[in-house]
Amino acid sequence: LGPAGAPPAVPGRALTAEQTVGAALDGLEGAGWHTLHSLPLPGGDRIHHLLIGPGGLFAVHALYARKARVLVADPMVALGRREAEPLLRRLRAAADRAAYALTAEVRPLLALVGPAEVTVRPEPRRVRILADTELTGLGRLGGVLKPADVEALHGMARDRNTWERV
């Protein structure tokens, strides 16, 4: 954590991605969804966004991909000509930690901000991949959690003590 317990500073493009994704997810509030932003995990890791609603729980990782070609080959993600990273492995681990803390299934979601092209082969195990412009479609998901469960999980996720044991 940064000064006074604040989350660590995020570099420019990453911050832009997180703000773009966060704004899209906040737009789902009226449809029974809640979003928590920048949840710190023990060990210095964090979840960019936790989305809780009728369609379930999602640990959302925002990735700046403005005008870049994105290649996803589980567990690797490559942006443009940069070397691929095992990003999907980290996303699944963060979602698993959140699931442990909340005692509920949390699905990892990679949100790509402004990609020129996305190639996914084969479809990754357990990770949903969406462009930032597709995030509003999550509002149509349902049938997983009842409103009372959404509220209980939201309250639990907002409690700092929940995240200290993961």
# chains A, B, ... in the order shown; residues from 1 in each chain; ligands from 1
>>> select_by_dssp(residues="stretch 72-116 of chain A", states="helix (DSSP H, G or I)", output="PyMOL selection string")
chain A and resi 87-102
>>> closest_atom_pairs(of="stretch 121-147 of chain A", to="stretch 21-41 of chain A", cutoff="12 Å", atoms="only C-alpha atoms", output="CSV")
residue,atom,partner,partner_atom,distance
A:Leu130,CA,A:Val21,CA,10.5
A:Ala131,CA,A:Val21,CA,9.2
A:Asp132,CA,A:Val21,CA,6.0
A:Thr133,CA,A:Ala24,CA,8.0
A:Glu134,CA,A:Ala24,CA,9.0
A:Leu135,CA,A:Ala24,CA,6.4
A:Thr136,CA,A:Ala24,CA,6.5
A:Gly137,CA,A:Leu28,CA,9.2
A:Leu138,CA,A:Leu28,CA,8.1
A:Gly139,CA,A:Leu28,CA,5.9
A:Arg140,CA,A:Ala31,CA,8.4
A:Leu141,CA,A:Ala31,CA,10.0
A:Gly142,CA,A:Gly32,CA,9.8
A:Leu145,CA,A:Gly32,CA,10.3
A:Lys146,CA,A:Gly32,CA,9.8
A:Pro147,CA,A:Gly32,CA,7.2
>>> write_last_selection(atoms="N, CA, C and O atoms", output="compact mmCIF listing (two decimals), in the first residue's frame")
# COMPACT_ATOMS: atom_id res chain seq x y z
N LEU A 130 -13.29 -9.40 -22.71
CA LEU A 130 -14.19 -8.43 -23.33
C LEU A 130 -13.43 -7.13 -23.59
O LEU A 130 -12.52 -6.77 -22.84
N ALA A 131 -13.85 -6.42 -24.64
CA ALA A 131 -13.37 -5.06 -24.86
C ALA A 131 -14.15 -4.15 -23.92
O ALA A 131 -15.27 -4.49 -23.49
N ASP A 132 -13.59 -3.00 -23.58
CA ASP A 132 -14.27 -2.07 -22.67
C ASP A 132 -15.66 -1.69 -23.18
O ASP A 132 -16.57 -1.48 -22.40
N THR A 133 -15.84 -1.66 -24.49
CA THR A 133 -17.13 -1.29 -25.07
C THR A 133 -18.18 -2.40 -24.91
O THR A 133 -19.36 -2.15 -25.12
N GLU A 134 -17.75 -3.59 -24.54
CA GLU A 134 -18.67 -4.72 -24.36
C GLU A 134 -19.09 -4.93 -22.91
O GLU A 134 -19.95 -5.76 -22.63
N LEU A 135 -18.50 -4.19 -21.99
CA LEU A 135 -18.75 -4.42 -20.57
C LEU A 135 -20.20 -4.17 -20.16
O LEU A 135 -20.70 -4.83 -19.25
N THR A 136 -20.88 -3.25 -20.82
CA THR A 136 -22.27 -2.97 -20.45
C THR A 136 -23.15 -4.20 -20.67
O THR A 136 -24.18 -4.35 -20.03
N GLY A 137 -22.74 -5.10 -21.55
CA GLY A 137 -23.48 -6.33 -21.80
C GLY A 137 -23.56 -7.23 -20.57
O GLY A 137 -24.45 -8.09 -20.48
N LEU A 138 -22.63 -7.05 -19.62
CA LEU A 138 -22.69 -7.84 -18.40
C LEU A 138 -23.97 -7.56 -17.62
O LEU A 138 -24.44 -8.41 -16.87
N GLY A 139 -24.52 -6.38 -17.80
CA GLY A 139 -25.75 -6.00 -17.10
C GLY A 139 -26.93 -6.90 -17.45
O GLY A 139 -27.89 -6.99 -16.69
N ARG A 140 -26.86 -7.57 -18.57
CA ARG A 140 -27.95 -8.47 -18.99
C ARG A 140 -27.82 -9.86 -18.37
O ARG A 140 -28.74 -10.66 -18.46
N LEU A 141 -26.67 -10.14 -17.77
CA LEU A 141 -26.50 -11.45 -17.15
C LEU A 141 -27.34 -11.55 -15.88
O LEU A 141 -27.50 -10.58 -15.16
N GLY A 142 -27.85 -12.72 -15.62
CA GLY A 142 -28.64 -12.91 -14.41
C GLY A 142 -28.74 -14.39 -14.08
O GLY A 142 -28.09 -15.23 -14.70
N LEU A 145 -27.18 -14.92 -8.87
CA LEU A 145 -27.35 -14.44 -7.50
C LEU A 145 -28.67 -13.70 -7.34
O LEU A 145 -29.08 -12.93 -8.19
N LYS A 146 -29.31 -13.94 -6.19
CA LYS A 146 -30.53 -13.21 -5.83
C LYS A 146 -30.11 -11.84 -5.28
O LYS A 146 -28.99 -11.68 -4.78
N PRO A 147 -31.02 -10.85 -5.34
CA PRO A 147 -30.67 -9.51 -4.84
C PRO A 147 -30.12 -9.51 -3.41
O PRO A 147 -29.17 -8.79 -3.11
>>> atom_distance(atom1="atom CA of A:Gly155", atom2="atom CA of A:Arg125")
29.1 Å
>>> residues_around(residues="A:Pro122", least_positions_apart="4", cutoff="12 Å", atoms="only C-alpha atoms", output="ChimeraX atom specification")
/A:71-76,127
>>> select_by_dssp(residues="chain A", states="strand (DSSP E)", output="tab-separated table (two decimals) with N, CA, C and O atoms, in the first residue's frame")
chain	number	residue	atom	x	y	z
A	34	HIS	N	-22.94	-3.99	-8.28
A	34	HIS	CA	-22.06	-3.14	-7.48
A	34	HIS	C	-20.63	-3.38	-7.94
A	34	HIS	O	-20.27	-4.50	-8.29
A	35	THR	N	-19.84	-2.33	-7.93
A	35	THR	CA	-18.43	-2.45	-8.29
A	35	THR	C	-17.57	-1.88	-7.19
A	35	THR	O	-17.84	-0.79	-6.68
A	36	LEU	N	-16.54	-2.63	-6.81
A	36	LEU	CA	-15.53	-2.15	-5.89
A	36	LEU	C	-14.24	-2.01	-6.69
A	36	LEU	O	-13.92	-2.88	-7.51
A	37	HIS	N	-13.54	-0.92	-6.46
A	37	HIS	CA	-12.35	-0.63	-7.25
A	37	HIS	C	-11.08	-0.78	-6.42
A	37	HIS	O	-11.05	-0.41	-5.24
A	38	SER	N	-10.03	-1.30	-7.04
A	38	SER	CA	-8.69	-1.39	-6.47
A	38	SER	C	-8.67	-2.02	-5.07
A	38	SER	O	-8.34	-1.38	-4.09
A	39	LEU	N	-9.04	-3.29	-5.04
A	39	LEU	CA	-9.05	-4.02	-3.77
A	39	LEU	C	-7.65	-4.55	-3.47
A	39	LEU	O	-7.15	-5.41	-4.20
A	40	PRO	N	-7.01	-4.07	-2.41
A	40	PRO	CA	-5.67	-4.55	-2.08
A	40	PRO	C	-5.72	-5.96	-1.50
A	40	PRO	O	-6.60	-6.28	-0.70
A	46	ARG	N	-3.34	-6.74	-6.08
A	46	ARG	CA	-4.67	-6.15	-5.94
A	46	ARG	C	-5.57	-6.60	-7.08
A	46	ARG	O	-5.10	-7.03	-8.14
A	47	ILE	N	-6.86	-6.47	-6.84
A	47	ILE	CA	-7.86	-6.73	-7.88
A	47	ILE	C	-8.29	-5.36	-8.39
A	47	ILE	O	-8.69	-4.50	-7.60
A	48	HIS	N	-8.18	-5.15	-9.71
A	48	HIS	CA	-8.54	-3.83	-10.26
A	48	HIS	C	-9.98	-3.48	-9.94
A	48	HIS	O	-10.26	-2.37	-9.47
A	49	HIS	N	-10.91	-4.38	-10.24
A	49	HIS	CA	-12.34	-4.14	-10.00
A	49	HIS	C	-12.99	-5.46	-9.61
A	49	HIS	O	-12.69	-6.50	-10.21
A	50	LEU	N	-13.90	-5.42	-8.64
A	50	LEU	CA	-14.71	-6.58	-8.30
A	50	LEU	C	-16.15	-6.21	-8.62
A	50	LEU	O	-16.68	-5.24	-8.07
A	51	LEU	N	-16.74	-6.94	-9.55
A	51	LEU	CA	-18.11	-6.69	-9.98
A	51	LEU	C	-19.01	-7.75	-9.36
A	51	LEU	O	-18.74	-8.95	-9.50
A	52	ILE	N	-20.06	-7.29	-8.68
A	52	ILE	CA	-20.98	-8.20	-7.98
A	52	ILE	C	-22.39	-7.88	-8.45
A	52	ILE	O	-22.83	-6.73	-8.35
A	53	GLY	N	-23.11	-8.89	-8.95
A	53	GLY	CA	-24.47	-8.63	-9.40
A	53	GLY	C	-25.23	-9.90	-9.70
A	53	GLY	O	-24.77	-11.01	-9.39
A	56	GLY	N	-23.44	-12.88	-11.12
A	56	GLY	CA	-22.34	-13.47	-10.38
A	56	GLY	C	-21.29	-12.45	-9.98
A	56	GLY	O	-21.53	-11.25	-9.98
A	57	LEU	N	-20.11	-12.97	-9.66
A	57	LEU	CA	-18.98	-12.14	-9.23
A	57	LEU	C	-17.87	-12.25	-10.26
A	57	LEU	O	-17.56	-13.35	-10.73
A	58	PHE	N	-17.25	-11.11	-10.56
A	58	PHE	CA	-16.17	-11.06	-11.53
A	58	PHE	C	-15.00	-10.27	-10.97
A	58	PHE	O	-15.19	-9.15	-10.49
A	59	ALA	N	-13.80	-10.84	-11.03
A	59	ALA	CA	-12.57	-10.12	-10.73
A	59	ALA	C	-12.09	-9.58	-12.07
A	59	ALA	O	-11.68	-10.34	-12.95
A	60	VAL	N	-12.19	-8.27	-12.25
A	60	VAL	CA	-11.93	-7.63	-13.54
A	60	VAL	C	-10.54	-7.00	-13.55
A	60	VAL	O	-10.21	-6.19	-12.68
A	61	HIS	N	-9.76	-7.37	-14.56
A	61	HIS	CA	-8.43	-6.79	-14.76
A	61	HIS	C	-8.49	-5.92	-16.01
A	61	HIS	O	-8.84	-6.40	-17.09
A	62	ALA	N	-8.16	-4.65	-15.87
A	62	ALA	CA	-8.18	-3.71	-16.99
A	62	ALA	C	-6.80	-3.68	-17.64
A	62	ALA	O	-5.78	-3.58	-16.96
A	63	LEU	N	-6.78	-3.77	-18.96
A	63	LEU	CA	-5.51	-3.76	-19.70
A	63	LEU	C	-5.58	-2.74	-20.83
A	63	LEU	O	-6.46	-2.83	-21.70
A	64	TYR	N	-4.68	-1.78	-20.82
A	64	TYR	CA	-4.61	-0.76	-21.86
A	64	TYR	C	-4.11	-1.41	-23.15
A	64	TYR	O	-3.02	-1.97	-23.18
A	69	ARG	N	-2.84	-4.76	-31.45
A	69	ARG	CA	-3.33	-6.12	-31.69
A	69	ARG	C	-3.05	-6.92	-30.43
A	69	ARG	O	-1.95	-6.86	-29.88
A	70	VAL	N	-4.05	-7.67	-30.00
A	70	VAL	CA	-3.92	-8.47	-28.79
A	70	VAL	C	-4.04	-9.93	-29.17
A	70	VAL	O	-4.99	-10.33	-29.85
A	71	LEU	N	-3.07	-10.72	-28.74
A	71	LEU	CA	-3.09	-12.16	-28.97
A	71	LEU	C	-3.17	-12.84	-27.61
A	71	LEU	O	-2.34	-12.60	-26.73
A	72	VAL	N	-4.22	-13.67	-27.45
A	72	VAL	CA	-4.40	-14.42	-26.21
A	72	VAL	C	-4.24	-15.89	-26.54
A	72	VAL	O	-4.99	-16.44	-27.36
A	73	ALA	N	-3.24	-16.52	-25.94
A	73	ALA	CA	-2.99	-17.95	-26.08
A	73	ALA	C	-2.74	-18.46	-24.66
A	73	ALA	O	-1.62	-18.37	-24.16
A	76	MET	N	-0.95	-17.00	-21.91
A	76	MET	CA	-0.19	-15.83	-22.36
A	76	MET	C	-1.07	-14.78	-23.03
A	76	MET	O	-2.02	-15.11	-23.75
A	77	VAL	N	-0.70	-13.50	-22.82
A	77	VAL	CA	-1.34	-12.37	-23.48
A	77	VAL	C	-0.22	-11.50	-24.04
A	77	VAL	O	0.69	-11.10	-23.32
A	78	ALA	N	-0.30	-11.20	-25.35
A	78	ALA	CA	0.68	-10.35	-26.00
A	78	ALA	C	-0.03	-9.12	-26.56
A	78	ALA	O	-1.07	-9.23	-27.22
A	79	LEU	N	0.55	-7.95	-26.30
A	79	LEU	CA	0.04	-6.68	-26.82
A	79	LEU	C	0.99	-6.18	-27.89
A	79	LEU	O	2.17	-5.95	-27.61
A	106	VAL	N	-15.90	-16.68	-7.99
A	106	VAL	CA	-15.52	-15.41	-8.61
A	106	VAL	C	-14.85	-15.75	-9.93
A	106	VAL	O	-13.88	-16.50	-9.96
A	107	ARG	N	-15.37	-15.20	-11.01
A	107	ARG	CA	-14.82	-15.50	-12.33
A	107	ARG	C	-13.89	-14.38	-12.80
A	107	ARG	O	-14.22	-13.21	-12.66
A	108	PRO	N	-12.73	-14.76	-13.33
A	108	PRO	CA	-11.80	-13.74	-13.84
A	108	PRO	C	-12.28	-13.18	-15.18
A	108	PRO	O	-12.83	-13.92	-16.01
A	109	LEU	N	-12.07	-11.88	-15.36
A	109	LEU	CA	-12.47	-11.21	-16.59
A	109	LEU	C	-11.36	-10.25	-16.99
A	109	LEU	O	-10.93	-9.42	-16.18
A	110	LEU	N	-10.90	-10.36	-18.22
A	110	LEU	CA	-9.90	-9.45	-18.76
A	110	LEU	C	-10.63	-8.42	-19.62
A	110	LEU	O	-11.30	-8.79	-20.59
A	111	ALA	N	-10.53	-7.15	-19.24
A	111	ALA	CA	-11.17	-6.06	-19.97
A	111	ALA	C	-10.11	-5.30	-20.75
A	111	ALA	O	-9.22	-4.67	-20.17
A	112	LEU	N	-10.17	-5.39	-22.06
A	112	LEU	CA	-9.19	-4.74	-22.95
A	112	LEU	C	-9.72	-3.36	-23.35
A	112	LEU	O	-10.82	-3.25	-23.88
A	113	VAL	N	-8.93	-2.34	-23.12
A	113	VAL	CA	-9.35	-0.97	-23.43
A	113	VAL	C	-8.82	-0.56	-24.80
A	113	VAL	O	-7.61	-0.44	-24.98
A	117	GLU	N	-7.48	-5.12	-32.55
A	117	GLU	CA	-7.87	-6.47	-32.98
A	117	GLU	C	-7.56	-7.42	-31.83
A	117	GLU	O	-6.55	-7.27	-31.14
A	118	VAL	N	-8.44	-8.40	-31.63
A	118	VAL	CA	-8.22	-9.39	-30.57
A	118	VAL	C	-8.29	-10.78	-31.19
A	118	VAL	O	-9.28	-11.13	-31.84
A	119	THR	N	-7.24	-11.56	-30.99
A	119	THR	CA	-7.21	-12.94	-31.45
A	119	THR	C	-7.07	-13.83	-30.22
A	119	THR	O	-6.17	-13.64	-29.42
A	120	VAL	N	-8.00	-14.77	-30.09
A	120	VAL	CA	-7.99	-15.67	-28.95
A	120	VAL	C	-7.97	-17.10	-29.50
A	120	VAL	O	-8.87	-17.50	-30.23
A	128	ARG	N	-13.07	-14.84	-18.98
A	128	ARG	CA	-13.87	-14.14	-19.98
A	128	ARG	C	-13.04	-12.95	-20.46
A	128	ARG	O	-12.39	-12.27	-19.66
A	129	ILE	N	-13.05	-12.69	-21.77
A	129	ILE	CA	-12.29	-11.57	-22.34
A	129	ILE	C	-13.27	-10.67	-23.09
A	129	ILE	O	-13.98	-11.13	-23.99
A	130	LEU	N	-13.29	-9.40	-22.71
A	130	LEU	CA	-14.19	-8.43	-23.33
A	130	LEU	C	-13.43	-7.13	-23.59
A	130	LEU	O	-12.52	-6.77	-22.84
A	131	ALA	N	-13.85	-6.42	-24.64
A	131	ALA	CA	-13.37	-5.06	-24.86
A	131	ALA	C	-14.15	-4.15	-23.92
A	131	ALA	O	-15.27	-4.49	-23.49
>>> closest_residue(among="A:Ala65, A:Asp149, A:Arg126, A:Leu15", to="A:Arg81", atoms="only C-alpha atoms")
A:Ala65
>>> atom_distance(atom1="atom CA of A:Ala157", atom2="atom CA of A:Pro42")
14.6 Å
>>> atom_distance(atom1="atom CA of A:Leu102", atom2="atom CA of A:Asp45")
16.9 Å
